[in-house]
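K.L.:
Before we start, here is the structure in question, set down as structure tokens.
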Amino acid sequence: MADDIRDVLRGGDRRSIGRVPQVLNRLTASPRLFDRLVAALGDTDPVVRMRAADALEKASRKDASPLQKHKRALLRLARSTAQQELRWHLAQMLPRLHLRPPERQAAARTLQSYHTDPSSIVRTFALQALADLAQGDAALRALALRSLRQAIRTGTPAMRSRAARLLRELAPPGARPRVAKENHS
């Protein structure tokens, strides 16, 4: 399968996952397939890119260590891609990587830039990722709290709900998180 990964991932449109489950089943037997999937993130076909990102994101839920050697490429791609499916999958993967403080800061800036993405899915995953990064980094906590408060004021209903939950999780113990309410008069 590693030789024909592009053929396995292509076909159809971006509304389907295609044969991603088949790719996931093969990942355990062929760890080098991770490298092929990362390479496919740069494919000329947006369907191949999306499905490669989907497979990598799903596989990294259990074990993100195979992605670690690709962190520079993933950070660069997250910064440069405009494809919404890549953005939302990368937003989920970035917090799973072991990032040095400057890399975490760069990832946070990238995720913050996603707050203006036309896709509410991208914006929601970016909020979650920023909060995840802030969990282990006090320097990012203030940025994440500002972003969450902004989402509560201006986001879609799903974003407001997620932001409120994340705000409660990020608030220091015993502190009551400030949540600005919109005036609906």
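Letters A, B, ... go to the chains of the structure tokens in the order shown; residues in each chain start at 1; ligands are counted from 1 in the same order.
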Which residues, written as a PDB file with N, CA and C atoms, in the first residue's frame, have at least one atom at most 10 Å from A:Thr81, with only C-alpha atoms counted and residues fewer than 5 positions away on the same chain left out?
P.N.:
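Listed below is the output, around_39.pdb:
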```pdb
ATOM      1  N   LEU A  41       0.486  15.195   2.219  1.00  0.00           N
ATOM      2  CA  LEU A  41      -0.108  16.479   2.613  1.00  0.00           C
ATOM      3  C   LEU A  41       0.238  17.590   1.621  1.00  0.00           C
ATOM      4  N   GLY A  42       1.270  17.362   0.832  1.00  0.00           N
ATOM      5  CA  GLY A  42       1.672  18.334  -0.178  1.00  0.00           C
ATOM      6  C   GLY A  42       1.258  17.941  -1.590  1.00  0.00           C
ATOM      7  N   ARG A  76       5.002  24.263   9.412  1.00  0.00           N
ATOM      8  CA  ARG A  76       5.095  25.072   8.193  1.00  0.00           C
ATOM      9  C   ARG A  76       3.804  24.960   7.377  1.00  0.00           C
ATOM     10  N   LEU A  86      -7.313  20.627   5.767  1.00  0.00           N
ATOM     11  CA  LEU A  86      -5.961  20.516   6.329  1.00  0.00           C
ATOM     12  C   LEU A  86      -5.860  21.323   7.608  1.00  0.00           C
ATOM     13  N   ARG A  87      -6.419  22.521   7.578  1.00  0.00           N
ATOM     14  CA  ARG A  87      -6.342  23.381   8.762  1.00  0.00           C
ATOM     15  C   ARG A  87      -6.993  22.710   9.965  1.00  0.00           C
ATOM     16  N   LEU A  90      -4.813  19.690  11.071  1.00  0.00           N
ATOM     17  CA  LEU A  90      -3.553  20.152  11.646  1.00  0.00           C
ATOM     18  C   LEU A  90      -3.776  20.802  13.011  1.00  0.00           C
TER      19      LEU A  90
END
```
K.L.:
Can you build me a table of stretch 36-97 of chain A residues sitting at most 12 Å from stretch 128-140 of chain A, with the closest atom pair per residue and its distance in Å to one decimal, using only C-alpha atoms, sorted by chain and residue number, as CSV?
P.N.:
```
residue,atom,partner,partner_atom,distance
A:Arg87,CA,A:Ala129,CA,11.3
A:Trp88,CA,A:Ala129,CA,9.7
A:His89,CA,A:Ala129,CA,10.4
A:Leu90,CA,A:Ala129,CA,9.3
A:Ala91,CA,A:Ala129,CA,5.8
A:Gln92,CA,A:Ala129,CA,6.1
A:Met93,CA,A:Ala129,CA,8.3
A:Leu94,CA,A:Ala129,CA,7.4
A:Pro95,CA,A:Leu133,CA,5.6
A:Arg96,CA,A:Asp132,CA,8.9
A:Leu97,CA,A:Leu133,CA,9.9
```
K.L.:
If you run DSSP on the backbone here, which positions in stretch 19-85 of chain A get helix (DSSP H, G or I)? Please write them as an MDAnalysis selection string.
P.N.:
chainID A and resid 20:27 33:40 46:62 65:80 84:85
K.L.:
Please save N, CA and C atoms of the selected residues as a compact mmCIF listing (two decimals), in the first residue's frame.
P.N.:
```
# COMPACT_ATOMS: atom_id res chain seq x y z
N VAL A 20 -9.84 5.90 3.85
CA VAL A 20 -9.01 6.22 5.03
C VAL A 20 -9.03 5.09 6.05
N PRO A 21 -10.17 4.44 6.34
CA PRO A 21 -10.13 3.33 7.31
C PRO A 21 -9.17 2.21 6.89
N GLN A 22 -9.08 1.94 5.60
CA GLN A 22 -8.15 0.93 5.10
C GLN A 22 -6.71 1.38 5.36
N VAL A 23 -6.43 2.65 5.14
CA VAL A 23 -5.09 3.19 5.41
C VAL A 23 -4.75 3.05 6.89
N LEU A 24 -5.71 3.37 7.75
CA LEU A 24 -5.47 3.27 9.20
C LEU A 24 -5.16 1.84 9.62
N ASN A 25 -5.85 0.87 9.03
CA ASN A 25 -5.59 -0.53 9.35
C ASN A 25 -4.18 -0.95 8.98
N ARG A 26 -3.63 -0.35 7.94
CA ARG A 26 -2.30 -0.70 7.47
C ARG A 26 -1.19 0.02 8.22
N LEU A 27 -1.51 1.10 8.91
CA LEU A 27 -0.47 1.89 9.57
C LEU A 27 0.30 1.10 10.62
N LEU A 33 4.49 4.13 6.48
CA LEU A 33 3.35 4.74 5.82
C LEU A 33 3.08 6.14 6.38
N PHE A 34 3.44 6.37 7.64
CA PHE A 34 3.31 7.72 8.23
C PHE A 34 4.06 8.74 7.38
N ASP A 35 5.29 8.37 7.00
CA ASP A 35 6.10 9.28 6.20
C ASP A 35 5.44 9.55 4.84
N ARG A 36 4.88 8.53 4.27
CA ARG A 36 4.19 8.68 2.97
C ARG A 36 2.96 9.57 3.11
N LEU A 37 2.24 9.42 4.22
CA LEU A 37 1.06 10.26 4.45
C LEU A 37 1.45 11.71 4.66
N VAL A 38 2.53 11.96 5.40
CA VAL A 38 3.00 13.33 5.59
C VAL A 38 3.38 13.92 4.23
N ALA A 39 4.04 13.14 3.40
CA ALA A 39 4.40 13.62 2.06
C ALA A 39 3.14 13.92 1.25
N ALA A 40 2.09 13.13 1.43
CA ALA A 40 0.84 13.33 0.69
C ALA A 40 0.12 14.61 1.09
N PRO A 46 -6.38 18.10 -3.89
CA PRO A 46 -6.89 18.46 -2.56
C PRO A 46 -7.58 17.29 -1.84
N VAL A 47 -8.13 16.34 -2.58
CA VAL A 47 -8.76 15.17 -1.96
C VAL A 47 -7.70 14.30 -1.30
N VAL A 48 -6.59 14.09 -1.98
CA VAL A 48 -5.48 13.31 -1.42
C VAL A 48 -4.95 14.00 -0.17
N ARG A 49 -4.74 15.32 -0.24
CA ARG A 49 -4.25 16.07 0.93
C ARG A 49 -5.19 15.93 2.11
N MET A 50 -6.49 16.09 1.86
CA MET A 50 -7.48 16.02 2.93
C MET A 50 -7.51 14.63 3.57
N ARG A 51 -7.51 13.61 2.76
CA ARG A 51 -7.57 12.25 3.30
C ARG A 51 -6.29 11.86 4.02
N ALA A 52 -5.15 12.32 3.53
CA ALA A 52 -3.89 12.07 4.24
C ALA A 52 -3.93 12.73 5.61
N ALA A 53 -4.42 13.96 5.66
CA ALA A 53 -4.53 14.68 6.94
C ALA A 53 -5.51 13.97 7.87
N ASP A 54 -6.61 13.49 7.33
CA ASP A 54 -7.60 12.77 8.13
C ASP A 54 -6.98 11.51 8.73
N ALA A 55 -6.26 10.74 7.92
CA ALA A 55 -5.63 9.51 8.40
C ALA A 55 -4.58 9.82 9.47
N LEU A 56 -3.76 10.83 9.23
CA LEU A 56 -2.73 11.20 10.21
C LEU A 56 -3.35 11.66 11.52
N GLU A 57 -4.39 12.48 11.43
CA GLU A 57 -5.03 12.98 12.65
C GLU A 57 -5.62 11.81 13.45
N LYS A 58 -6.33 10.92 12.77
CA LYS A 58 -6.94 9.79 13.47
C LYS A 58 -5.89 8.88 14.09
N ALA A 59 -4.82 8.61 13.36
CA ALA A 59 -3.76 7.75 13.89
C ALA A 59 -3.05 8.40 15.06
N SER A 60 -2.89 9.72 15.01
CA SER A 60 -2.16 10.41 16.08
C SER A 60 -2.96 10.51 17.37
N ARG A 61 -4.24 10.20 17.33
CA ARG A 61 -5.03 10.17 18.58
C ARG A 61 -4.47 9.13 19.54
N LYS A 62 -4.05 8.00 19.00
CA LYS A 62 -3.51 6.91 19.81
C LYS A 62 -2.03 7.10 20.10
N SER A 65 3.70 9.97 18.31
CA SER A 65 5.17 9.93 18.20
C SER A 65 5.68 9.79 16.77
N PRO A 66 5.02 9.05 15.86
CA PRO A 66 5.54 9.01 14.49
C PRO A 66 5.50 10.37 13.78
N LEU A 67 4.69 11.28 14.27
CA LEU A 67 4.62 12.61 13.66
C LEU A 67 5.73 13.53 14.15
N GLN A 68 6.35 13.18 15.24
CA GLN A 68 7.32 14.07 15.88
C GLN A 68 8.44 14.48 14.94
N LYS A 69 8.94 13.54 14.15
CA LYS A 69 10.05 13.89 13.26
C LYS A 69 9.60 14.80 12.11
N HIS A 70 8.29 14.96 11.96
CA HIS A 70 7.74 15.82 10.90
C HIS A 70 7.20 17.14 11.45
N LYS A 71 7.51 17.46 12.71
CA LYS A 71 6.87 18.62 13.32
C LYS A 71 7.17 19.91 12.57
N ARG A 72 8.38 20.09 12.07
CA ARG A 72 8.69 21.31 11.32
C ARG A 72 7.81 21.42 10.08
N ALA A 73 7.69 20.33 9.36
CA ALA A 73 6.87 20.34 8.14
C ALA A 73 5.40 20.60 8.49
N LEU A 74 4.93 20.00 9.58
CA LEU A 74 3.53 20.20 9.99
C LEU A 74 3.29 21.65 10.42
N LEU A 75 4.22 22.22 11.16
CA LEU A 75 4.09 23.62 11.58
C LEU A 75 4.10 24.54 10.35
N ARG A 76 5.00 24.26 9.41
CA ARG A 76 5.09 25.07 8.19
C ARG A 76 3.80 24.96 7.38
N LEU A 77 3.30 23.74 7.23
CA LEU A 77 2.07 23.54 6.46
C LEU A 77 0.89 24.20 7.15
N ALA A 78 0.81 24.09 8.46
CA ALA A 78 -0.29 24.74 9.19
C ALA A 78 -0.29 26.24 8.94
N ARG A 79 0.89 26.81 8.87
CA ARG A 79 1.03 28.25 8.64
C ARG A 79 0.66 28.64 7.21
N SER A 80 0.95 27.77 6.25
CA SER A 80 0.81 28.17 4.85
C SER A 80 -0.45 27.69 4.14
N GLN A 84 -9.27 24.23 4.11
CA GLN A 84 -9.92 24.12 5.41
C GLN A 84 -9.76 22.75 6.05
N GLU A 85 -9.84 21.69 5.27
CA GLU A 85 -9.72 20.35 5.86
C GLU A 85 -8.33 20.13 6.44
```
K.L.:
What gap, in Å, lies between atom CA of A:Pro101 and atom CA of A:Ala142?
P.N.:
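These two atoms are separated by 15.2 Å.
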K.L.:
Could you jot down the atom CA of A:Arg146 to atom CA of A:Leu99 separation for me, Å, one decimal place?
P.N.:
21.9 Å
K.L.:
One number please: atom CA of A:Ala106 to atom CA of A:Arg32, in Å, one decimal.
P.N.:
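Computing it gives 27.6 Å between the two atoms.
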